[in-house]
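Enquirer: Data: my_file.cif, mmCIF, C-alpha atoms.
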```cif
data_model
#
loop_
_atom_site.label_atom_id
_atom_site.label_comp_id
_atom_site.auth_asym_id
_atom_site.auth_seq_id
_atom_site.Cartn_x
_atom_site.Cartn_y
_atom_site.Cartn_z
CA TYR W 1 1.59 11.13 -3.01
CA GLN W 2 4.29 11.00 -5.70
CA GLN W 3 6.37 13.44 -3.65
CA SER W 4 5.99 11.15 -0.59
CA ASN W 5 4.00 13.80 1.27
CA PHE W 6 1.51 11.19 2.39
CA ILE W 7 -0.19 13.18 5.15
CA GLU W 8 -1.25 15.90 2.72
CA ALA W 9 -2.07 13.31 0.07
CA LYS W 10 -4.40 11.54 2.49
CA LYS W 11 -6.25 14.78 3.27
CA ILE W 12 -6.84 15.44 -0.43
CA ALA W 13 -7.82 11.82 -1.14
CA ASP W 14 -10.23 11.81 1.81
CA ALA W 15 -12.05 14.76 0.25
CA PHE W 16 -12.42 12.94 -3.05
CA ALA W 17 -13.46 9.75 -1.27
CA THR W 18 -16.43 11.53 0.31
CA LYS W 19 -17.57 12.26 -3.24
CA GLY W 20 -17.37 8.58 -4.20
CA GLU W 21 -14.23 8.79 -6.36
CA PRO W 22 -12.87 5.21 -6.95
CA LYS W 23 -9.30 6.46 -7.53
CA ALA W 24 -9.38 8.01 -4.06
CA TYR W 25 -10.48 4.69 -2.57
CA LEU W 26 -7.56 3.00 -4.35
CA LEU W 27 -5.04 5.57 -3.14
CA LEU W 28 -6.28 5.45 0.44
CA GLY W 29 -6.32 1.67 0.36
CA ASN W 30 -2.74 1.53 -0.88
CA MET W 31 -1.62 3.95 1.83
CA ALA W 32 -3.30 1.92 4.56
CA GLN W 33 -1.93 -1.33 3.14
CA LYS W 34 1.66 -0.05 2.91
CA GLY W 35 1.64 2.16 6.00
CA LEU W 36 2.30 5.37 4.11
CA GLY W 37 1.72 8.35 6.35
CA GLU W 38 -0.09 6.13 8.84
CA GLU W 39 0.20 2.76 10.57
CA VAL W 40 -0.30 -0.32 8.43
CA ASP W 41 -3.99 -1.21 8.63
CA LEU W 42 -4.98 -4.08 6.36
CA GLN W 43 -8.56 -4.08 7.57
CA GLN W 44 -8.94 -0.41 6.60
CA ALA W 45 -7.24 -1.10 3.27
CA GLN W 46 -9.80 -3.81 2.63
CA ILE W 47 -12.64 -1.39 3.42
CA TRP W 48 -11.32 1.17 0.91
CA PHE W 49 -10.70 -1.39 -1.83
CA GLN W 50 -14.14 -2.90 -1.19
CA LYS W 51 -15.76 0.50 -1.74
CA GLY W 52 -14.02 0.87 -5.08
CA ALA W 53 -14.75 -2.72 -6.09
CA ASP W 54 -18.43 -2.32 -5.25
CA ALA W 55 -18.41 0.72 -7.56
CA GLY W 56 -17.19 -1.53 -10.39
CA ASP W 57 -13.66 -0.15 -10.60
CA ALA W 58 -11.28 -2.79 -11.98
CA GLU W 59 -8.17 -1.44 -10.20
CA ASN W 60 -9.92 -1.69 -6.85
CA GLU W 61 -11.28 -5.13 -7.71
CA PHE W 62 -7.74 -6.27 -8.44
CA ALA W 63 -6.31 -4.63 -5.32
CA LEU W 64 -9.01 -6.21 -3.16
CA ALA W 65 -8.44 -9.63 -4.70
CA MET W 66 -4.68 -9.48 -4.12
CA LEU W 67 -5.15 -8.29 -0.55
CA LEU W 68 -7.48 -11.20 0.13
CA LEU W 69 -5.11 -13.65 -1.55
CA THR W 70 -2.20 -12.54 0.62
CA GLY W 71 -4.37 -12.44 3.73
CA PRO W 72 -5.69 -9.30 5.43
CA GLY W 73 -5.93 -11.35 8.61
CA GLN W 74 -4.25 -14.57 9.65
CA LYS W 75 -4.66 -16.49 6.40
CA PRO W 76 -5.38 -15.93 2.70
CA LEU W 77 -9.05 -15.75 1.77
CA VAL W 78 -8.77 -17.47 -1.61
CA VAL W 79 -12.47 -18.24 -2.04
CA ASP W 80 -13.40 -14.61 -1.34
CA ALA W 81 -10.68 -13.27 -3.63
CA ALA W 82 -11.44 -15.34 -6.73
CA PRO W 83 -14.64 -13.56 -7.85
CA TRP W 84 -13.01 -10.13 -7.59
CA LEU W 85 -9.96 -11.28 -9.50
CA GLN W 86 -12.26 -12.73 -12.15
CA LYS W 87 -14.22 -9.46 -12.42
CA ALA W 88 -11.09 -7.38 -12.84
CA ALA W 89 -9.68 -9.80 -15.42
CA GLU W 90 -12.89 -9.83 -17.43
CA THR W 91 -12.86 -6.02 -17.43
CA GLY W 92 -9.46 -6.18 -19.13
CA ASN W 93 -7.09 -5.46 -16.23
CA VAL W 94 -3.88 -7.08 -17.45
CA LYS W 95 -2.40 -7.63 -13.97
CA ALA W 96 -5.61 -9.35 -12.93
CA GLN W 97 -5.50 -11.53 -16.04
CA TYR W 98 -1.95 -12.62 -15.28
CA ASN W 99 -2.73 -13.33 -11.62
CA LEU W 100 -5.90 -15.18 -12.56
CA GLY W 101 -3.67 -17.36 -14.71
CA LEU W 102 -1.54 -18.04 -11.63
CA TYR W 103 -4.71 -18.80 -9.67
CA TYR W 104 -5.78 -21.42 -12.21
CA ALA W 105 -2.22 -22.77 -12.31
CA GLY W 106 -2.63 -23.68 -8.64
CA LEU W 107 -0.41 -21.01 -7.07
CA TYR W 108 -2.89 -20.32 -4.29
CA GLY W 109 -3.52 -23.93 -3.34
CA THR W 110 -6.42 -24.58 -5.69
CA PRO W 111 -6.39 -27.60 -8.05
CA PRO W 112 -4.71 -26.63 -11.34
CA ASP W 113 -6.97 -25.89 -14.29
CA TRP W 114 -4.46 -25.64 -17.11
CA THR W 115 -6.97 -24.71 -19.80
CA ASN W 116 -8.11 -21.63 -17.88
CA ALA W 117 -4.55 -20.88 -16.81
CA ALA W 118 -3.49 -20.80 -20.47
CA LYS W 119 -6.53 -18.69 -21.38
CA TRP W 120 -5.74 -15.96 -18.89
CA PHE W 121 -1.98 -16.02 -19.42
CA LYS W 122 -2.73 -15.55 -23.11
CA SER W 123 -5.01 -12.60 -22.37
CA ALA W 124 -2.17 -10.94 -20.46
CA ALA W 125 0.43 -12.00 -23.03
CA ASP W 126 -1.60 -10.54 -25.89
CA LYS W 127 -1.46 -7.19 -24.10
CA GLY W 128 2.32 -7.42 -23.91
CA ASN W 129 2.63 -8.52 -20.27
CA PRO W 130 6.08 -10.20 -20.08
CA ARG W 131 5.18 -12.51 -17.20
CA GLY W 132 2.04 -13.60 -18.99
CA GLN W 133 4.17 -14.33 -22.06
CA TYR W 134 6.71 -16.26 -19.99
CA ASN W 135 4.17 -18.41 -18.17
CA LEU W 136 2.23 -19.13 -21.34
CA ALA W 137 5.50 -20.17 -22.99
CA LEU W 138 6.12 -22.65 -20.16
CA LEU W 139 2.69 -24.16 -20.79
CA TYR W 140 3.50 -24.54 -24.49
CA LEU W 141 6.76 -26.27 -23.60
CA ASP W 142 4.95 -28.78 -21.38
CA GLY W 143 1.70 -29.02 -23.36
CA LYS W 144 -0.43 -28.01 -20.38
CA GLY W 145 -3.78 -26.49 -21.37
CA VAL W 146 -2.45 -26.02 -24.91
CA THR W 147 -0.95 -28.18 -27.62
CA LYS W 148 2.76 -28.66 -27.04
CA ASP W 149 4.61 -26.28 -29.36
CA GLN W 150 8.28 -25.34 -28.99
CA ILE W 151 8.11 -22.75 -31.77
CA THR W 152 5.32 -20.80 -30.05
CA ALA W 153 7.12 -21.17 -26.72
CA GLY W 154 10.30 -19.75 -28.22
CA ASP W 155 8.43 -16.81 -29.72
CA LEU W 156 6.82 -15.99 -26.38
CA PHE W 157 10.08 -16.34 -24.48
CA SER W 158 11.75 -13.97 -26.94
CA LYS W 159 9.04 -11.33 -26.50
CA ALA W 160 9.36 -11.48 -22.71
CA ALA W 161 13.16 -11.54 -22.89
CA VAL W 162 13.27 -8.40 -25.03
CA GLN W 163 11.27 -6.64 -22.31
CA GLY W 164 13.93 -7.59 -19.81
CA LEU W 165 12.40 -10.51 -17.89
CA PRO W 166 15.45 -12.45 -16.61
CA GLU W 167 13.74 -15.86 -16.50
CA ALA W 168 12.66 -15.45 -20.11
CA ALA W 169 16.16 -14.42 -21.17
CA LEU W 170 17.47 -17.65 -19.62
CA GLU W 171 14.88 -19.90 -21.26
CA TYR W 172 15.22 -18.20 -24.64
CA GLY W 173 19.00 -18.30 -24.42
CA VAL W 174 18.98 -22.04 -23.77
CA MET W 175 16.55 -22.66 -26.65
CA VAL W 176 18.65 -20.62 -29.10
CA TYR W 177 21.88 -22.19 -27.84
CA ARG W 178 20.47 -25.68 -28.43
CA GLY W 179 18.26 -24.92 -31.42
CA ASP W 180 15.08 -26.10 -29.68
CA GLY W 181 12.12 -24.65 -31.60
CA VAL W 182 14.27 -21.79 -32.92
CA GLN W 183 17.27 -21.48 -35.19
CA LYS W 184 20.39 -22.71 -33.44
CA ASP W 185 22.93 -19.99 -32.73
CA PRO W 186 25.31 -20.53 -29.79
CA VAL W 187 26.60 -16.96 -30.03
CA ILE W 188 23.17 -15.35 -29.67
CA GLY W 189 22.16 -17.97 -27.11
CA THR W 190 25.20 -17.08 -25.02
CA LYS W 191 24.32 -13.38 -25.20
CA TRP W 192 20.88 -14.10 -23.75
CA LEU W 193 22.42 -16.27 -21.04
CA LYS W 194 24.62 -13.31 -20.15
CA VAL W 195 21.59 -11.02 -19.92
CA ALA W 196 19.96 -13.37 -17.41
CA ALA W 197 23.25 -13.84 -15.56
CA GLN W 198 23.72 -10.09 -15.20
CA HIS W 199 20.30 -9.93 -13.56
CA GLY W 200 21.61 -12.34 -10.93
CA ASN W 201 19.98 -15.57 -12.15
CA PRO W 202 22.20 -18.34 -10.72
CA ILE W 203 21.18 -20.94 -13.32
CA ALA W 204 22.16 -18.56 -16.11
CA GLN W 205 25.38 -17.73 -14.29
CA ASN W 206 26.25 -21.42 -14.08
CA ARG W 207 25.49 -22.09 -17.74
CA LEU W 208 27.37 -19.00 -18.88
CA ALA W 209 30.35 -20.09 -16.77
CA ARG W 210 30.36 -23.47 -18.47
CA VAL W 211 30.19 -21.92 -21.94
CA LEU W 212 33.08 -19.55 -21.18
CA ALA W 213 35.11 -22.30 -19.56
CA LEU W 214 34.74 -24.69 -22.48
CA GLY W 215 34.31 -22.31 -25.40
CA VAL W 216 32.01 -22.88 -28.38
CA PRO W 217 32.20 -21.82 -32.04
CA GLY W 218 31.96 -18.03 -32.07
CA VAL W 219 32.44 -17.73 -28.31
CA ASP W 220 36.03 -17.81 -27.07
CA LYS W 221 37.11 -19.26 -23.78
CA ASP W 222 37.47 -16.73 -20.99
CA PRO W 223 38.76 -18.41 -17.85
CA ILE W 224 38.52 -15.31 -15.66
CA GLU W 225 34.90 -14.58 -16.61
CA ALA W 226 34.06 -18.28 -16.34
CA MET W 227 35.39 -18.40 -12.77
CA LYS W 228 33.64 -15.13 -11.89
CA TRP W 229 30.25 -16.44 -12.96
CA ASN W 230 30.90 -19.76 -11.25
CA PHE W 231 31.75 -17.99 -7.98
CA LEU W 232 28.49 -16.02 -8.21
CA ALA W 233 26.41 -19.07 -9.10
CA ARG W 234 27.94 -21.11 -6.29
CA ALA W 235 27.30 -18.32 -3.77
CA ALA W 236 23.64 -18.43 -4.82
CA GLY W 237 23.47 -22.19 -4.30
CA ARG W 238 24.21 -23.34 -7.86
CA GLY W 239 27.45 -25.24 -7.35
CA ASP W 240 29.36 -27.06 -10.10
CA VAL W 241 31.95 -29.66 -9.14
CA GLU W 242 33.56 -29.70 -12.58
CA LEU W 243 34.04 -25.94 -12.66
CA ASP W 244 35.25 -25.91 -9.05
CA THR W 245 37.87 -28.52 -9.92
CA ALA W 246 39.04 -26.43 -12.88
CA THR W 247 39.34 -23.41 -10.59
CA GLU W 248 41.52 -25.36 -8.16
CA ARG W 249 43.93 -26.08 -11.02
CA ALA W 250 43.93 -22.54 -12.42
CA ASP W 251 46.64 -19.90 -12.08
CA PRO W 252 46.14 -18.26 -8.65
CA SER W 253 46.51 -14.78 -10.13
CA LEU W 254 43.63 -15.45 -12.51
CA VAL W 255 41.55 -16.85 -9.67
CA ASN W 256 42.14 -13.70 -7.63
CA GLN W 257 41.08 -11.53 -10.56
CA ALA W 258 37.89 -13.56 -10.92
CA LYS W 259 37.18 -13.28 -7.19
CA ALA W 260 37.60 -9.51 -7.35
CA LEU W 261 35.16 -9.28 -10.28
CA ALA W 262 32.66 -11.46 -8.44
CA ALA W 263 32.94 -9.33 -5.31
CA ALA W 264 32.28 -6.18 -7.33
CA PHE W 265 29.29 -7.64 -9.17
CA LYS W 266 25.96 -5.87 -8.78
CA PRO W 267 22.94 -7.44 -10.47
CA THR W 268 21.05 -5.39 -13.03
CA PRO W 269 17.55 -4.52 -11.73
CA ASP W 270 14.65 -6.39 -13.30
CA PRO W 271 12.80 -3.79 -15.40
CA THR W 272 9.64 -5.91 -15.32
CA ALA W 273 9.48 -6.03 -11.51
CA GLU W 274 6.45 -4.35 -9.98
#
```
In C-alpha cells, how does this file's structure come out?
Expert:
Amino acid sequence: YQQSNFIEAKKIADAFATKGEPKAYLLLGNMAQKGLGEEVDLQQAQIWFQKGADAGDAENEFALAMLLLTGPGQKPLVVDAAPWLQKAAETGNVKAQYNLGLYYAGLYGTPPDWTNAAKWFKSAADKGNPRGQYNLALLYLDGKGVTKDQITAGDLFSKAAVQGLPEAALEYGVMVYRGDGVQKDPVIGTKWLKVAAQHGNPIAQNRLARVLALGVPGVDKDPIEAMKWNFLARAAGRGDVELDTATERADPSLVNQAKALAAAFKPTPDPTAE
C-alpha cells in the first residue's frame, strides 16, 4: 500500500479481512473510498468501515462517521454519523475528538452546543492536536462554552502556531503585535505574521504588507516586500486601497521588483494538513 501497489495490497488485505482483522477493513475501506487500485465505491467503503466499527475499532468508527458526514450517497447522513463519531472520540481517537468538536460547533448543520464543542476541542488540544488548540482558543476569545480568557487563548494559539498551523500563526501574531493577552512585542508579532503569510494566508499577507509599508519600532520599512505581499494578498481577494495608492506612487523599478517576487512566490505547505 505504501509503495502504491494497490492491487497486491488489496489481495493481502482481503486475506486478513476474512480473518476479521479491523486494520484490513480500514485499509480496504480507504482504498474503496479513494479509488486506489479500483473504482471509487463509497457504498463498499461504508461496508468495510461498518465491519470494523461493529468490531469496536476506533479508527473504523471514525472513518465511518466521516464518510457518513460527507455523504456516501446523495447527502450527508449526520444523524447516522454522530453516534460513531462519539464512540471513536470517547475511545480517545484525537481526530474524532476534534471533529466531534466541529459537530457540536454546528459545522454539519446541527444547532451549536458550545459547551460540548469546547469539551471535545479541549480533549483534542490536550493531546497536542493543533486544530483542536486553535478552535478552543477561538472559543476562549469569544467566551463560547468557556469563560472568556485572552491569556488562555494566546497560550493555545502559540502552541498551535509552533506546530505550523497557519491560522494560529496569524492569530498569535496579531495578539503579540497588539499585546492582547500576551506581552506586546511588534517584532515577534511581525515574525508570526510572516510565517502565516508564507503559508499563503491572504489576511496575514495584507497585515504584513501594512507593517512593512509603515514600519514599526524594531521592524524597518521595506517597500519592495510590502508591495510583494500586497500583490499576493490582492490576488487572493484581500485588497487594500491605501497600499494600492502607495504602489501607484512608488518608483516603477521597485514595483517591478516586487511583482517579480510575487510571481515567484510559492506558499510553504501546511505541516498540519491531513
Enquirer: Using all atoms listed in the file, I'd like a table of the residues in segment 34-134 of chain W that come within 9 Å of segment 140-160 of chain W; for each, show the closest atom pair and its distance in Å rounded to one decimal, ordered by chain and ascending number, as CSV.
Expert:
```
residue,atom,partner,partner_atom,distance
W:Asp113,CA,W:Gly145,CA,7.8
W:Trp114,CA,W:Gly145,CA,4.4
W:Thr115,CA,W:Gly145,CA,4.0
W:Asn116,CA,W:Gly145,CA,7.4
W:Ala117,CA,W:Gly145,CA,7.3
W:Ala118,CA,W:Gly145,CA,5.8
W:Lys119,CA,W:Gly145,CA,8.3
W:Ala125,CA,W:Leu156,CA,8.2
W:Gly128,CA,W:Lys159,CA,8.2
W:Asn129,CA,W:Ala160,CA,7.7
W:Pro130,CA,W:Ala160,CA,4.4
W:Arg131,CA,W:Ala160,CA,7.0
W:Gly132,CA,W:Ala160,CA,8.5
W:Gln133,CA,W:Leu156,CA,5.3
W:Tyr134,CA,W:Phe157,CA,5.6
```
Enquirer: Which residues are near Thr245 of chain W? Cut-off 12 Å, only C-alpha atoms, ignore same chain within fewer than 5 positions. Put them as a list in words.
Expert: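 Skipping anything fewer than 5 positions along the chain leaves Ala213, Met227, Asn230, Gly239, Asp240 and Ala250 of chain W.
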Enquirer: Please produce a file of the residues just selected, as a tab-separated table (two decimals), in the frame of the given file, where the atoms kept are C-alpha atoms.
Expert:
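Written file, selection_15.tsv:
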```tsv
chain	number	residue	atom	x	y	z
W	213	ALA	CA	35.11	-22.30	-19.56
W	227	MET	CA	35.39	-18.40	-12.77
W	230	ASN	CA	30.90	-19.76	-11.25
W	239	GLY	CA	27.45	-25.24	-7.35
W	240	ASP	CA	29.36	-27.06	-10.10
W	250	ALA	CA	43.93	-22.54	-12.42
```
Enquirer: Looking at W:Lys23, W:Leu67, W:Phe6, W:Leu138, which one is nearest to Gly35 of chain W, with distances taken over all atoms listed in the file?
Expert: W:Phe6
Enquirer: Given the file above and the PyMOL selection byres ((chain W and resi 165) around 9), which residues are selected, and can you give them as a PDB file with C-alpha atoms, in the frame of the given file?
Expert:
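Saved as selection_31.pdb:
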```pdb
ATOM      1  CA  PRO W 130       6.080 -10.200 -20.080  1.00  0.00           C
ATOM      2  CA  ARG W 131       5.180 -12.510 -17.200  1.00  0.00           C
ATOM      3  CA  TYR W 134       6.710 -16.260 -19.990  1.00  0.00           C
ATOM      4  CA  ALA W 160       9.360 -11.480 -22.710  1.00  0.00           C
ATOM      5  CA  ALA W 161      13.160 -11.540 -22.890  1.00  0.00           C
ATOM      6  CA  VAL W 162      13.270  -8.400 -25.030  1.00  0.00           C
ATOM      7  CA  GLN W 163      11.270  -6.640 -22.310  1.00  0.00           C
ATOM      8  CA  GLY W 164      13.930  -7.590 -19.810  1.00  0.00           C
ATOM      9  CA  PRO W 166      15.450 -12.450 -16.610  1.00  0.00           C
ATOM     10  CA  GLU W 167      13.740 -15.860 -16.500  1.00  0.00           C
ATOM     11  CA  ALA W 168      12.660 -15.450 -20.110  1.00  0.00           C
ATOM     12  CA  ALA W 169      16.160 -14.420 -21.170  1.00  0.00           C
ATOM     13  CA  LEU W 170      17.470 -17.650 -19.620  1.00  0.00           C
ATOM     14  CA  ALA W 196      19.960 -13.370 -17.410  1.00  0.00           C
ATOM     15  CA  ASP W 270      14.650  -6.390 -13.300  1.00  0.00           C
ATOM     16  CA  PRO W 271      12.800  -3.790 -15.400  1.00  0.00           C
ATOM     17  CA  THR W 272       9.640  -5.910 -15.320  1.00  0.00           C
ATOM     18  CA  ALA W 273       9.480  -6.030 -11.510  1.00  0.00           C
TER      19      ALA W 273
END
```
Enquirer: Might you spell out which residues the PyMOL selection byres ((chain W and resi 184-189) around 12) would select in the displayed file, as an mmCIF file with C-alpha atoms, in the frame of the given file?
Expert:
```cif
data_model
loop_
_atom_site.group_PDB
_atom_site.id
_atom_site.type_symbol
_atom_site.label_atom_id
_atom_site.label_comp_id
_atom_site.auth_asym_id
_atom_site.auth_seq_id
_atom_site.Cartn_x
_atom_site.Cartn_y
_atom_site.Cartn_z
ATOM 1 C CA GLY W 154 10.300 -19.750 -28.220
ATOM 2 C CA SER W 158 11.750 -13.970 -26.940
ATOM 3 C CA ALA W 161 13.160 -11.540 -22.890
ATOM 4 C CA ALA W 169 16.160 -14.420 -21.170
ATOM 5 C CA LEU W 170 17.470 -17.650 -19.620
ATOM 6 C CA GLU W 171 14.880 -19.900 -21.260
ATOM 7 C CA TYR W 172 15.220 -18.200 -24.640
ATOM 8 C CA GLY W 173 19.000 -18.300 -24.420
ATOM 9 C CA VAL W 174 18.980 -22.040 -23.770
ATOM 10 C CA MET W 175 16.550 -22.660 -26.650
ATOM 11 C CA VAL W 176 18.650 -20.620 -29.100
ATOM 12 C CA TYR W 177 21.880 -22.190 -27.840
ATOM 13 C CA ARG W 178 20.470 -25.680 -28.430
ATOM 14 C CA GLY W 179 18.260 -24.920 -31.420
ATOM 15 C CA ASP W 180 15.080 -26.100 -29.680
ATOM 16 C CA GLY W 181 12.120 -24.650 -31.600
ATOM 17 C CA VAL W 182 14.270 -21.790 -32.920
ATOM 18 C CA GLN W 183 17.270 -21.480 -35.190
ATOM 19 C CA THR W 190 25.200 -17.080 -25.020
ATOM 20 C CA LYS W 191 24.320 -13.380 -25.200
ATOM 21 C CA TRP W 192 20.880 -14.100 -23.750
ATOM 22 C CA LEU W 193 22.420 -16.270 -21.040
ATOM 23 C CA LYS W 194 24.620 -13.310 -20.150
ATOM 24 C CA VAL W 195 21.590 -11.020 -19.920
ATOM 25 C CA ALA W 196 19.960 -13.370 -17.410
ATOM 26 C CA ALA W 204 22.160 -18.560 -16.110
ATOM 27 C CA ARG W 207 25.490 -22.090 -17.740
ATOM 28 C CA LEU W 208 27.370 -19.000 -18.880
ATOM 29 C CA VAL W 211 30.190 -21.920 -21.940
ATOM 30 C CA LEU W 212 33.080 -19.550 -21.180
ATOM 31 C CA GLY W 215 34.310 -22.310 -25.400
ATOM 32 C CA VAL W 216 32.010 -22.880 -28.380
ATOM 33 C CA PRO W 217 32.200 -21.820 -32.040
ATOM 34 C CA GLY W 218 31.960 -18.030 -32.070
ATOM 35 C CA VAL W 219 32.440 -17.730 -28.310
ATOM 36 C CA ASP W 220 36.030 -17.810 -27.070
#
```
Enquirer: Taking the file above as input, evaluate the PyMOL selection byres ((chain W and resi 30) around 12) and report the hits as a PDB file with C-alpha atoms, keeping the file's coordinate frame.
Expert:
```
ATOM      1  CA  TYR W   1       1.590  11.130  -3.010  1.00  0.00           C
ATOM      2  CA  PHE W   6       1.510  11.190   2.390  1.00  0.00           C
ATOM      3  CA  ALA W   9      -2.070  13.310   0.070  1.00  0.00           C
ATOM      4  CA  LYS W  10      -4.400  11.540   2.490  1.00  0.00           C
ATOM      5  CA  ALA W  13      -7.820  11.820  -1.140  1.00  0.00           C
ATOM      6  CA  LYS W  23      -9.300   6.460  -7.530  1.00  0.00           C
ATOM      7  CA  ALA W  24      -9.380   8.010  -4.060  1.00  0.00           C
ATOM      8  CA  TYR W  25     -10.480   4.690  -2.570  1.00  0.00           C
ATOM      9  CA  LEU W  26      -7.560   3.000  -4.350  1.00  0.00           C
ATOM     10  CA  LEU W  27      -5.040   5.570  -3.140  1.00  0.00           C
ATOM     11  CA  LEU W  28      -6.280   5.450   0.440  1.00  0.00           C
ATOM     12  CA  GLY W  29      -6.320   1.670   0.360  1.00  0.00           C
ATOM     13  CA  MET W  31      -1.620   3.950   1.830  1.00  0.00           C
ATOM     14  CA  ALA W  32      -3.300   1.920   4.560  1.00  0.00           C
ATOM     15  CA  GLN W  33      -1.930  -1.330   3.140  1.00  0.00           C
ATOM     16  CA  LYS W  34       1.660  -0.050   2.910  1.00  0.00           C
ATOM     17  CA  GLY W  35       1.640   2.160   6.000  1.00  0.00           C
ATOM     18  CA  LEU W  36       2.300   5.370   4.110  1.00  0.00           C
ATOM     19  CA  GLY W  37       1.720   8.350   6.350  1.00  0.00           C
ATOM     20  CA  GLU W  38      -0.090   6.130   8.840  1.00  0.00           C
ATOM     21  CA  GLU W  39       0.200   2.760  10.570  1.00  0.00           C
ATOM     22  CA  VAL W  40      -0.300  -0.320   8.430  1.00  0.00           C
ATOM     23  CA  ASP W  41      -3.990  -1.210   8.630  1.00  0.00           C
ATOM     24  CA  LEU W  42      -4.980  -4.080   6.360  1.00  0.00           C
ATOM     25  CA  GLN W  43      -8.560  -4.080   7.570  1.00  0.00           C
ATOM     26  CA  GLN W  44      -8.940  -0.410   6.600  1.00  0.00           C
ATOM     27  CA  ALA W  45      -7.240  -1.100   3.270  1.00  0.00           C
ATOM     28  CA  GLN W  46      -9.800  -3.810   2.630  1.00  0.00           C
ATOM     29  CA  ILE W  47     -12.640  -1.390   3.420  1.00  0.00           C
ATOM     30  CA  TRP W  48     -11.320   1.170   0.910  1.00  0.00           C
ATOM     31  CA  PHE W  49     -10.700  -1.390  -1.830  1.00  0.00           C
ATOM     32  CA  GLU W  59      -8.170  -1.440 -10.200  1.00  0.00           C
ATOM     33  CA  ASN W  60      -9.920  -1.690  -6.850  1.00  0.00           C
ATOM     34  CA  PHE W  62      -7.740  -6.270  -8.440  1.00  0.00           C
ATOM     35  CA  ALA W  63      -6.310  -4.630  -5.320  1.00  0.00           C
ATOM     36  CA  LEU W  64      -9.010  -6.210  -3.160  1.00  0.00           C
ATOM     37  CA  MET W  66      -4.680  -9.480  -4.120  1.00  0.00           C
ATOM     38  CA  LEU W  67      -5.150  -8.290  -0.550  1.00  0.00           C
TER      39      LEU W  67
END
```
Enquirer: In terms of the shortest atom-to-atom distance over only C-alpha atoms, which of W:Asp80, W:Trp120, W:Leu214, W:Asn5 is closest to Lys95 of chain W?
Expert: W:Trp120
Enquirer: Report, in Å with one decimal, the straight-line distance from atom CA of Glu61 of chain W to atom CA of Ala89 of chain W.
Expert: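 Computing the Euclidean distance for atom CA of Glu61 of chain W and atom CA of Ala89 of chain W yields 9.2 Å.
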Enquirer: Do a neighbour search on Arg210 of chain W at 8 Å with only C-alpha atoms, toss out local chain neighbours closer than 4 positions, and write the hits as a PDB file with C-alpha atoms, keeping the file's coordinate frame.
Expert:
```pdb
ATOM      1  CA  ASN W 206      26.250 -21.420 -14.080  1.00  0.00           C
ATOM      2  CA  LEU W 214      34.740 -24.690 -22.480  1.00  0.00           C
ATOM      3  CA  ALA W 226      34.060 -18.280 -16.340  1.00  0.00           C
ATOM      4  CA  LEU W 243      34.040 -25.940 -12.660  1.00  0.00           C
TER       5      LEU W 243
END
```
Enquirer: Hey, which of W:Ala17, W:Ala105, W:Leu69, W:Leu77 ends up closest to Lys51 of chain W? Count only C-alpha atoms.
Expert: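 The answer is W:Ala17, which sits nearest to Lys51 of chain W.
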Enquirer: May I ask for the distance between atom CA of Asn99 of chain W and atom CA of Phe121 of chain W, given in Å to one decimal place?
Expert: 8.3 Å
Enquirer: Suppose you want the space between atom CA of Ala209 of chain W and atom CA of Asp222 of chain W; what is it in Å?
Expert: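 Between atom CA of Ala209 of chain W and atom CA of Asp222 of chain W the gap is 8.9 Å.
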